[in-house]
file final13.txt (compact mmCIF, C-alpha atoms and all ligand atoms)
# COMPACT_ATOMS: atom_id res chain seq x y z
CA MET F 1 116.15 65.43 73.03
CA ASN F 2 117.42 68.64 74.58
CA ASP F 3 116.72 67.82 78.18
CA LEU F 4 118.40 69.65 81.04
CA GLN F 5 119.77 67.71 83.98
CA VAL F 6 120.90 69.51 87.11
CA ALA F 7 122.41 67.04 89.57
CA GLY F 8 123.56 67.71 93.12
CA VAL F 9 124.33 71.38 92.50
CA VAL F 10 125.69 73.29 95.48
CA LYS F 11 126.42 77.03 95.30
CA ALA F 12 127.44 79.40 98.09
CA TYR F 13 128.39 83.04 97.54
CA GLY F 14 131.84 82.99 99.07
CA PRO F 15 133.72 80.64 101.41
CA GLY F 16 131.97 79.99 104.71
CA ALA F 17 128.63 81.38 103.43
CA ALA F 18 125.55 79.16 103.70
CA PRO F 19 124.80 77.46 100.37
CA VAL F 20 122.06 79.13 98.32
CA LEU F 21 121.70 75.97 96.21
CA ASP F 22 122.00 73.00 98.50
CA GLY F 23 122.32 69.80 96.50
CA LEU F 24 119.70 70.74 93.93
CA ASP F 25 118.44 68.08 91.50
CA LEU F 26 116.18 68.99 88.59
CA THR F 27 115.31 67.28 85.31
CA VAL F 28 113.70 69.40 82.60
CA PRO F 29 112.39 67.23 79.73
CA GLY F 30 113.23 68.24 76.18
CA GLY F 31 110.56 70.26 74.37
CA ALA F 32 108.70 71.19 77.57
CA LEU F 33 108.27 74.49 79.37
CA THR F 34 109.21 74.05 83.01
CA ALA F 35 108.56 76.81 85.53
CA VAL F 36 110.88 77.22 88.49
CA LEU F 37 108.69 78.71 91.19
CA GLY F 38 109.69 79.75 94.67
CA PRO F 39 109.63 82.52 97.25
CA SER F 40 111.97 85.47 97.04
CA GLY F 41 115.53 84.53 97.94
CA CYS F 42 115.12 80.75 97.50
CA GLY F 43 117.79 80.62 94.77
CA LYS F 44 115.87 80.81 91.47
CA THR F 45 118.13 83.37 89.82
CA THR F 46 121.22 81.65 91.20
CA LEU F 47 120.08 78.40 89.58
CA LEU F 48 119.52 80.17 86.27
CA ARG F 49 122.95 81.77 86.41
CA VAL F 50 124.62 78.44 87.18
CA VAL F 51 122.83 76.78 84.24
CA ALA F 52 123.68 79.69 81.92
CA GLY F 53 127.33 79.57 82.98
CA PHE F 54 127.56 83.05 84.56
CA LEU F 55 128.26 81.37 87.89
CA ARG F 56 130.33 78.29 88.60
CA ALA F 57 128.75 75.74 90.95
CA ASP F 58 130.79 74.52 93.94
CA GLU F 59 129.56 70.97 93.38
CA GLY F 60 127.32 69.04 91.01
CA THR F 61 126.80 68.95 87.27
CA VAL F 62 124.73 70.70 84.60
CA THR F 63 124.05 68.71 81.44
CA VAL F 64 122.04 69.78 78.38
CA ALA F 65 121.27 67.39 75.51
CA GLY F 66 123.77 64.93 76.97
CA ARG F 67 126.60 67.49 76.95
CA THR F 68 128.18 68.38 80.30
CA LEU F 69 128.28 72.18 80.49
CA GLY F 70 129.49 72.43 84.06
CA GLY F 71 130.81 69.95 86.58
CA PRO F 72 134.02 68.82 88.23
CA GLY F 73 136.80 70.21 86.04
CA VAL F 74 134.36 71.48 83.36
CA HIS F 75 133.00 75.00 82.95
CA LEU F 76 131.92 76.02 79.47
CA PRO F 77 131.58 79.81 79.12
CA PRO F 78 128.02 81.10 78.53
CA GLU F 79 128.57 81.76 74.81
CA ARG F 80 129.47 78.12 74.19
CA ARG F 81 126.49 76.61 75.99
CA ARG F 82 123.86 77.10 73.25
CA ILE F 83 121.51 78.63 75.78
CA GLY F 84 119.22 81.54 74.90
CA ILE F 85 118.26 83.99 77.63
CA VAL F 86 115.19 86.21 77.91
CA PRO F 87 115.88 88.58 80.80
CA GLN F 88 113.43 90.46 82.98
CA GLU F 89 113.05 93.61 80.96
CA GLY F 90 113.84 92.80 77.33
CA ALA F 91 117.32 94.26 77.74
CA LEU F 92 117.52 94.92 74.00
CA PHE F 93 120.53 96.82 72.71
CA PRO F 94 119.05 100.34 72.51
CA HIS F 95 121.30 101.52 69.66
CA LEU F 96 120.53 98.52 67.39
CA SER F 97 117.41 98.06 65.25
CA VAL F 98 115.04 95.20 66.01
CA ALA F 99 116.52 93.17 63.12
CA ARG F 100 120.09 93.72 64.32
CA ASN F 101 119.12 92.83 67.88
CA ILE F 102 117.70 89.52 66.64
CA ALA F 103 120.74 88.88 64.42
CA PHE F 104 123.14 89.56 67.30
CA GLY F 105 123.71 85.92 68.24
CA LEU F 106 123.97 84.69 64.64
CA THR F 107 127.72 84.86 64.51
CA GLY F 108 129.41 83.18 61.58
CA ALA F 109 126.31 83.00 59.36
CA ASP F 110 126.47 84.84 56.02
CA ARG F 111 124.29 87.89 55.38
CA ALA F 112 121.56 86.17 53.35
CA VAL F 113 121.18 83.41 55.96
CA LYS F 114 121.04 86.00 58.75
CA ARG F 115 118.42 88.05 56.87
CA SER F 116 116.21 85.06 56.27
CA ARG F 117 116.55 83.86 59.88
CA VAL F 118 115.67 87.31 61.24
CA SER F 119 112.64 87.44 58.95
CA ASP F 120 111.51 83.97 60.13
CA MET F 121 111.92 85.04 63.76
CA LEU F 122 109.93 88.26 63.22
CA ASP F 123 107.13 86.18 61.65
CA LEU F 124 107.28 83.72 64.54
CA VAL F 125 106.77 86.39 67.20
CA GLY F 126 104.15 88.26 65.15
CA LEU F 127 106.31 91.30 64.38
CA ALA F 128 106.82 90.99 60.62
CA GLY F 129 107.64 94.46 59.25
CA TYR F 130 109.09 95.74 62.54
CA GLY F 131 112.74 94.93 61.70
CA ASP F 132 113.80 98.54 61.08
CA ARG F 133 112.28 99.95 64.24
CA MET F 134 114.42 100.88 67.20
CA PRO F 135 113.65 99.29 70.60
CA HIS F 136 112.28 102.56 72.06
CA GLU F 137 109.67 102.58 69.27
CA LEU F 138 108.14 99.34 70.61
CA SER F 139 105.70 98.67 73.46
CA GLY F 140 106.89 96.67 76.47
CA GLY F 141 105.17 93.53 75.19
CA GLN F 142 106.70 93.92 71.72
CA GLN F 143 110.13 94.36 73.28
CA GLN F 144 109.70 91.09 75.18
CA ARG F 145 108.72 89.33 71.94
CA VAL F 146 111.86 90.69 70.22
CA SER F 147 113.88 89.50 73.19
CA LEU F 148 112.41 86.02 72.73
CA ALA F 149 113.15 86.14 68.98
CA ARG F 150 116.75 87.11 69.76
CA ALA F 151 117.09 84.22 72.20
CA LEU F 152 115.61 81.70 69.73
CA ALA F 153 117.40 82.88 66.57
CA PRO F 154 120.62 80.84 67.05
CA GLU F 155 118.50 77.67 67.65
CA PRO F 156 119.60 77.16 71.25
CA HIS F 157 119.31 73.82 73.01
CA LEU F 158 117.68 75.54 75.96
CA VAL F 159 115.92 78.87 76.60
CA LEU F 160 116.00 80.46 80.05
CA LEU F 161 113.36 83.08 80.84
CA ASP F 162 114.01 85.11 83.99
CA GLU F 163 110.75 86.64 85.25
CA PRO F 164 110.15 87.85 81.67
CA PHE F 165 106.70 89.30 82.30
CA SER F 166 107.24 91.08 85.60
CA ALA F 167 107.68 94.55 84.09
CA LEU F 168 104.44 94.33 82.09
CA ASP F 169 101.12 95.51 83.49
CA THR F 170 98.48 92.89 84.29
CA GLY F 171 96.41 92.90 81.07
CA LEU F 172 99.43 92.91 78.80
CA ARG F 173 101.20 90.27 80.90
CA GLU F 174 98.50 87.66 80.15
CA ALA F 175 98.62 88.36 76.41
CA VAL F 176 102.43 88.32 76.15
CA ARG F 177 102.56 85.19 78.31
CA ALA F 178 100.18 83.43 75.88
CA ASP F 179 102.23 84.63 72.87
CA VAL F 180 105.52 83.46 74.38
CA ARG F 181 104.06 80.10 75.28
CA ALA F 182 102.71 79.67 71.73
CA VAL F 183 106.10 80.51 70.21
CA LEU F 184 107.93 78.10 72.54
CA ARG F 185 105.40 75.38 71.67
CA ALA F 186 105.75 76.05 67.93
CA THR F 187 109.53 75.74 68.07
CA GLU F 188 109.43 72.80 70.53
CA ALA F 189 112.05 74.65 72.54
CA THR F 190 113.14 73.30 75.91
CA ALA F 191 112.56 76.20 78.24
CA VAL F 192 112.89 77.12 81.90
CA LEU F 193 110.77 80.00 83.18
CA VAL F 194 111.74 81.50 86.51
CA THR F 195 108.87 83.12 88.35
CA HIS F 196 107.60 83.85 91.84
CA ASP F 197 104.03 84.09 90.52
CA GLN F 198 102.18 80.84 91.16
CA GLN F 199 99.32 81.69 88.77
CA GLU F 200 101.85 82.30 86.02
CA ALA F 201 103.59 78.99 86.72
CA LEU F 202 100.37 76.96 86.90
CA SER F 203 98.80 78.52 83.80
CA THR F 204 101.87 78.64 81.54
CA ALA F 205 104.13 75.68 82.25
CA ASP F 206 103.99 71.98 81.41
CA LEU F 207 105.88 71.21 84.62
CA VAL F 208 106.40 73.27 87.75
CA ALA F 209 109.43 72.82 90.01
CA VAL F 210 108.88 74.40 93.43
CA LEU F 211 112.12 75.57 95.01
CA ARG F 212 112.54 75.85 98.74
CA GLU F 213 115.78 76.79 100.45
CA GLY F 214 117.97 75.78 97.54
CA ARG F 215 116.33 72.46 96.72
CA VAL F 216 113.40 71.26 94.63
CA ALA F 217 110.56 70.56 97.05
CA GLN F 218 108.41 69.08 94.25
CA CYS F 219 108.41 68.96 90.46
CA ALA F 220 105.15 67.95 88.80
CA ALA F 221 102.54 68.91 86.21
CA PRO F 222 100.49 71.92 87.40
CA GLU F 223 97.34 69.98 88.25
CA GLU F 224 99.24 67.23 90.05
CA LEU F 225 101.11 69.86 92.08
CA TYR F 226 97.87 71.56 93.09
CA ARG F 227 95.93 68.35 93.83
CA ARG F 228 98.74 66.30 95.38
CA PRO F 229 101.28 68.65 96.91
CA ALA F 230 104.24 66.84 98.45
CA ASP F 231 103.80 68.55 101.80
CA PRO F 232 101.82 71.29 103.56
CA TRP F 233 104.45 73.92 102.69
CA VAL F 234 104.08 73.25 98.96
CA ALA F 235 100.30 73.15 99.41
CA SER F 236 100.16 76.63 100.90
CA PHE F 237 102.74 78.08 98.53
CA VAL F 238 100.86 76.84 95.47
CA GLY F 239 97.36 78.17 96.06
CA ASP F 240 95.32 78.58 99.23
CA ALA F 241 95.15 75.62 101.58
CA VAL F 242 92.78 74.46 104.30
CA PHE F 243 94.38 72.34 107.02
CA LEU F 244 92.57 70.41 109.73
CA PRO F 245 93.32 67.36 111.87
CA GLY F 246 92.10 63.98 110.66
CA GLU F 247 92.27 60.25 111.21
CA ALA F 248 92.59 57.93 108.23
CA GLU F 249 90.23 54.99 108.02
CA ARG F 250 90.96 52.82 104.95
CA ASP F 251 90.37 55.12 101.94
CA ALA F 252 88.71 57.96 103.85
CA VAL F 253 89.60 60.33 106.64
CA ARG F 254 87.47 61.36 109.63
CA THR F 255 87.50 65.09 110.36
CA ALA F 256 85.45 67.77 112.11
CA LEU F 257 83.83 68.35 108.68
CA GLY F 258 82.71 64.71 108.39
CA THR F 259 84.32 61.72 106.66
CA ILE F 260 86.08 62.72 103.43
CA PRO F 261 87.39 60.34 100.70
CA LEU F 262 91.19 60.19 100.67
CA ASP F 263 93.12 60.78 97.45
CA SER F 264 96.46 59.87 98.94
CA ALA F 265 98.16 59.35 102.26
CA PRO F 266 101.62 58.14 103.21
CA ALA F 267 101.61 54.40 104.02
CA GLY F 268 101.08 53.73 107.71
CA LEU F 269 99.94 57.26 108.56
CA THR F 270 96.65 57.40 110.44
CA LEU F 271 96.61 60.61 112.50
CA GLY F 272 97.74 63.63 110.55
CA THR F 273 96.91 66.92 108.86
CA VAL F 274 94.24 66.85 106.18
CA LEU F 275 94.62 69.18 103.20
CA LEU F 276 91.66 70.58 101.29
CA ARG F 277 91.35 73.57 98.95
CA PRO F 278 88.96 76.42 99.87
CA GLU F 279 86.85 75.74 96.75
CA GLN F 280 86.13 72.23 98.11
CA LEU F 281 84.14 73.74 101.00
CA GLN F 282 80.59 75.05 100.61
CA VAL F 283 78.51 77.15 102.92
CA THR F 284 74.98 75.72 103.41
CA ALA F 285 71.99 76.31 105.66
CA VAL F 286 73.00 75.59 109.25
CA ASP F 287 70.77 72.51 109.59
CA ALA F 288 71.79 71.01 106.24
CA ALA F 289 75.30 69.87 107.18
CA PRO F 290 76.90 67.87 110.01
CA ALA F 291 79.59 70.56 110.49
CA LYS F 292 78.51 73.95 111.76
CA GLY F 293 80.31 77.19 112.38
CA THR F 294 80.20 80.96 112.55
CA VAL F 295 81.35 83.27 109.75
CA THR F 296 84.04 85.57 111.14
CA ASP F 297 85.15 87.43 108.00
CA VAL F 298 84.17 87.90 104.34
CA ARG F 299 86.50 89.09 101.59
CA PHE F 300 84.79 89.85 98.25
CA LEU F 301 87.12 89.26 95.28
CA GLY F 302 84.77 89.85 92.33
CA HIS F 303 84.60 86.39 90.74
CA ASP F 304 84.24 84.80 94.18
CA ALA F 305 84.45 85.55 97.90
CA LEU F 306 86.61 84.12 100.67
CA LEU F 307 84.81 83.48 103.94
CA ALA F 308 86.57 82.70 107.21
CA VAL F 309 84.45 80.26 109.20
CA SER F 310 85.14 79.27 112.79
CA VAL F 311 83.93 75.64 112.77
CA ASP F 312 82.69 74.12 116.04
CA GLY F 313 85.38 71.83 117.45
CA LEU F 314 88.27 73.33 115.43
CA ALA F 315 90.86 75.70 116.87
CA GLU F 316 91.60 77.60 113.64
CA PRO F 317 89.05 79.21 111.28
CA LEU F 318 88.76 77.61 107.82
CA THR F 319 88.69 79.45 104.51
CA VAL F 320 85.77 78.81 102.15
CA ARG F 321 85.89 80.02 98.53
CA SER F 322 82.38 80.77 97.38
CA PRO F 323 81.50 81.68 93.76
CA GLY F 324 78.53 83.89 92.92
CA PRO F 325 76.64 86.06 95.41
CA ILE F 326 78.11 86.23 98.91
CA PRO F 327 76.25 83.44 100.80
CA ALA F 328 76.63 84.72 104.39
CA ARG F 329 77.79 87.68 106.48
CA PRO F 330 80.08 87.90 109.52
CA GLY F 331 78.28 86.57 112.58
CA ASP F 332 75.97 84.21 110.61
CA ARG F 333 75.73 80.55 111.71
CA VAL F 334 76.28 78.28 108.69
CA GLY F 335 76.72 74.63 107.79
CA ILE F 336 79.86 73.46 105.92
CA THR F 337 79.95 70.62 103.39
CA VAL F 338 82.93 69.18 101.53
CA THR F 339 83.24 67.96 97.93
CA GLY F 340 86.06 65.96 96.34
CA GLU F 341 88.95 64.21 97.98
CA ALA F 342 91.52 65.14 100.59
CA THR F 343 95.21 64.36 101.01
CA LEU F 344 96.72 63.43 104.37
CA HIS F 345 100.13 64.60 105.59
CA PRO F 346 102.18 64.15 108.75
CA ALA F 347 100.71 66.43 111.43
CA ILE F 348 101.90 70.06 111.40
P1 LIG T 401 114.01 86.75 93.93
O1 LIG T 401 112.69 86.03 93.62
O2 LIG T 401 113.85 87.74 95.04
O3 LIG T 401 114.68 87.28 92.72
P2 LIG T 401 115.67 84.36 93.95
O4 LIG T 401 114.90 83.14 94.34
O5 LIG T 401 115.94 84.58 92.52
O6 LIG T 401 114.98 85.64 94.59
P3 LIG T 401 118.52 84.56 94.33
O7 LIG T 401 118.63 85.88 93.63
O8 LIG T 401 119.04 83.36 93.65
O9 LIG T 401 117.02 84.29 94.78
O10 LIG T 401 119.24 84.72 95.75
C1 LIG T 401 119.30 83.66 96.69
C2 LIG T 401 120.09 84.14 97.91
O11 LIG T 401 121.44 84.42 97.51
C3 LIG T 401 119.56 85.40 98.54
O12 LIG T 401 119.67 85.26 99.94
C4 LIG T 401 120.51 86.48 98.04
O13 LIG T 401 120.62 87.51 98.99
C5 LIG T 401 121.80 85.73 97.87
N1 LIG T 401 122.63 86.30 96.78
C6 LIG T 401 122.26 86.45 95.49
N2 LIG T 401 123.27 86.98 94.76
C7 LIG T 401 124.29 87.18 95.61
C8 LIG T 401 125.64 87.70 95.47
N3 LIG T 401 126.09 88.10 94.28
N4 LIG T 401 126.40 87.75 96.57
C9 LIG T 401 125.95 87.31 97.77
N5 LIG T 401 124.73 86.81 97.96
C10 LIG T 401 123.88 86.75 96.92
call {"tool": "encode", "arguments": {"input": "final13.txt", "output": "structure tokens"}}
result
Amino acid sequence: MNDLQVAGVVKAYGPGAAPVLDGLDLTVPGGALTAVLGPSGCGKTTLLRVVAGFLRADEGTVTVAGRTLGGPGVHLPPERRRIGIVPQEGALFPHLSVARNIAFGLTGADRAVKRSRVSDMLDLVGLAGYGDRMPHELSGGQQQRVSLARALAPEPHLVLLDEPFSALDTGLREAVRADVRAVLRATEATAVLVTHDQQEALSTADLVAVLREGRVAQCAAPEELYRRPADPWVASFVGDAVFLPGEAERDAVRTALGTIPLDSAPAGLTLGTVLLRPEQLQVTAVDAAPAKGTVTDVRFLGHDALLAVSVDGLAEPLTVRSPGPIPARPGDRVGITVTGEATLHPAI
């Protein structure tokens, strides 16, 4: 299979500069879409450029489908790596038709083969009949689909997508994202999607690798990442997090919100920081719950509302995500109940 292995990659921009990639390890399984998610400046684009061959790593190796593309004494140029790239804004050649853009990477093939491949690619991305158009005659979403067709046409081992939806407006972004995902699934392409948008990563990818300061903090399936983040930093980067002190007691943890079943905790850890998600907390009548507090703020978001509640006995207010009508107003005394399980982490 066309899996990508990045092992111990170090990259600094210039001698004496701090490394941007700092011993990064990442395995991307063949046929899967893996999102690389991280805050601005954490090294996502640098990683992509090292994998694509535009940058040479200082240390470590990059292997695709068992072939070493970069490593000690090896640096294949980008055009020999069999990697397709979908950049941020289509970046189609403006003076070439859609068909010629798609055919661009099909070097060596004869005309009939090229024509049939371009036609297959146009069908694949839902743009049959658009081959003679020029890029400026397409919408932003159509341009991104042509860009994907161009990347896939030479049957690459790996496709790299660099924030490919960021220039599209919100409604279109969702639709193009779904189209791109469907095309990647249909071709069983191995793909890496770089994004700083956690919703995009969670909703689109099979696996999400969270980058922090030039290393992978955690790589897991979206639900696993959300439910069992490796540490509090990952927890608050991927979604909203509620932290409170707790003491583990067998398979539960005692907190100011009552005793909560534990999903996971490091062996031997008793006192630590408990992680919950805001949708695990519910506001109830003040006498109906053991934990009580005062609502300090309400933010209405349409599909739900976020309430800040200052719980008796806790220093920091907690965030409650409440679907439906807003259940309480600032200043109201409320009860708080918890559903589901918690994870326990070393105290922060
Ligand atoms: P963003 O989400 O903002 O695009 P990123 O995670 O893709 O960020 P990179 O573009 O890889 O991050 O940059 C990582 C760090 O390397 C940043 O501190 C950036 O300033 C630095 N950097 C990137 N390119 C260069 C360069 N050509 N020369 C020097 N430093 C650079």
call {"tool": "closest_atom_pairs", "arguments": {"input": "final13.txt", "of": "range 71-99 of chain F", "to": "range 127-132 of chain F", "cutoff": "6 Å", "atoms": "only C-alpha atoms", "output": "tab-separated table"}}
result
residue	atom	partner	partner_atom	distance
F:Ser97	CA	F:Asp132	CA	5.5
F:Val98	CA	F:Gly131	CA	4.9
F:Ala99	CA	F:Gly131	CA	4.4
call {"tool": "residues_near_ligand", "arguments": {"input": "final13.txt", "ligand": "ligand LIG 401 (chain T)", "cutoff": "12 Å", "atoms": "all atoms listed in the file", "output": "PyMOL selection string"}}
result
chain F and resi 11-22+36-50+54-55+88+162-164+166+193-198+210-216
call {"tool": "residues_around", "arguments": {"input": "final13.txt", "residues": "range 332-343 of chain F", "least_positions_apart": "6", "cutoff": "9 Å", "atoms": "all atoms listed in the file", "output": "PyMOL selection string"}}
result
chain F and resi 227-229+252-253+257-258+260-265+273-277+279-296+309+311+320
call {"tool": "residues_around", "arguments": {"input": "final13.txt", "residues": "Arg299 in chain F", "least_positions_apart": "6", "cutoff": "12 Å", "atoms": "all atoms listed in the file", "output": "PDB file with C-alpha atoms, in the frame of the given file"}}
result
ATOM      1  CA  ALA F 305      84.450  85.550  97.900  1.00  0.00           C
ATOM      2  CA  LEU F 306      86.610  84.120 100.670  1.00  0.00           C
ATOM      3  CA  LEU F 307      84.810  83.480 103.940  1.00  0.00           C
ATOM      4  CA  ALA F 308      86.570  82.700 107.210  1.00  0.00           C
ATOM      5  CA  VAL F 309      84.450  80.260 109.200  1.00  0.00           C
ATOM      6  CA  THR F 319      88.690  79.450 104.510  1.00  0.00           C
ATOM      7  CA  VAL F 320      85.770  78.810 102.150  1.00  0.00           C
ATOM      8  CA  ARG F 321      85.890  80.020  98.530  1.00  0.00           C
ATOM      9  CA  SER F 322      82.380  80.770  97.380  1.00  0.00           C
ATOM     10  CA  PRO F 323      81.500  81.680  93.760  1.00  0.00           C
ATOM     11  CA  ILE F 326      78.110  86.230  98.910  1.00  0.00           C
ATOM     12  CA  PRO F 327      76.250  83.440 100.800  1.00  0.00           C
ATOM     13  CA  ALA F 328      76.630  84.720 104.390  1.00  0.00           C
ATOM     14  CA  ARG F 329      77.790  87.680 106.480  1.00  0.00           C
ATOM     15  CA  PRO F 330      80.080  87.900 109.520  1.00  0.00           C
TER      16      PRO F 330
END
call {"tool": "closest_residue", "arguments": {"input": "final13.txt", "among": "F:Val28, F:Arg81, F:Ala201, F:Asp179", "to": "Pro154 in chain F", "atoms": "all atoms listed in the file"}}
result
F:Arg81
call {"tool": "residues_around", "arguments": {"input": "final13.txt", "residues": "Met134 in chain F", "least_positions_apart": "5", "cutoff": "12 Å", "atoms": "only C-alpha atoms", "output": "NGL selection string"}}
result
:F and (92-102 or 139 or 142-143 or 146)
call {"tool": "atom_distance", "arguments": {"input": "final13.txt", "atom1": "CA of Cys219 in chain F", "atom2": "CA of Leu26 in chain F"}}
result
8.0 Å
call {"tool": "atom_distance", "arguments": {"input": "final13.txt", "atom1": "CA of Arg185 in chain F", "atom2": "CA of Leu4 in chain F"}}
result
17.0 Å
call {"tool": "atom_distance", "arguments": {"input": "final13.txt", "atom1": "CA of Thr107 in chain F", "atom2": "CA of Glu79 in chain F"}}
result
10.8 Å
call {"tool": "closest_residue", "arguments": {"input": "final13.txt", "among": "F:Asp110, F:Glu155, F:Glu89, F:Asp231", "to": "Thr187 in chain F", "atoms": "only C-alpha atoms"}}
result
F:Glu155
call {"tool": "closest_residue", "arguments": {"input": "final13.txt", "among": "F:Leu172, F:Leu318, F:Ala220, F:Val118", "to": "Pro278 in chain F", "atoms": "all atoms listed in the file"}}
result
F:Leu318
call {"tool": "closest_residue", "arguments": {"input": "final13.txt", "among": "F:Ala191, F:Leu271, F:Ala112, F:Val242", "to": "Leu160 in chain F", "atoms": "only C-alpha atoms"}}
result
F:Ala191
call {"tool": "closest_residue", "arguments": {"input": "final13.txt", "among": "F:Leu244, F:Ala347, F:Ala235, F:Leu184", "to": "Pro317 in chain F", "atoms": "only C-alpha atoms"}}
result
F:Leu244
call {"tool": "residues_around", "arguments": {"input": "final13.txt", "residues": "Gly23 in chain F", "least_positions_apart": "5", "cutoff": "7 Å", "atoms": "all atoms listed in the file", "output": "list in words"}}
result
Gly8, Val9, Val10 and Arg215 of chain F
call {"tool": "residues_around", "arguments": {"input": "final13.txt", "residues": "Val159 in chain F", "least_positions_apart": "5", "cutoff": "8 Å", "atoms": "only C-alpha atoms", "output": "PyMOL selection string"}}
result
chain F and resi 83-86+151-152+189-192
call {"tool": "axis_aligned_box", "arguments": {"input": "final13.txt", "around": "range 159-170 of chain F", "padding_each_side": "3 Å", "output": "JSON"}}
result
{"center_x": 107.2, "center_y": 87.2, "center_z": 81.1, "size_x": 23.5, "size_y": 22.6, "size_z": 15.0}
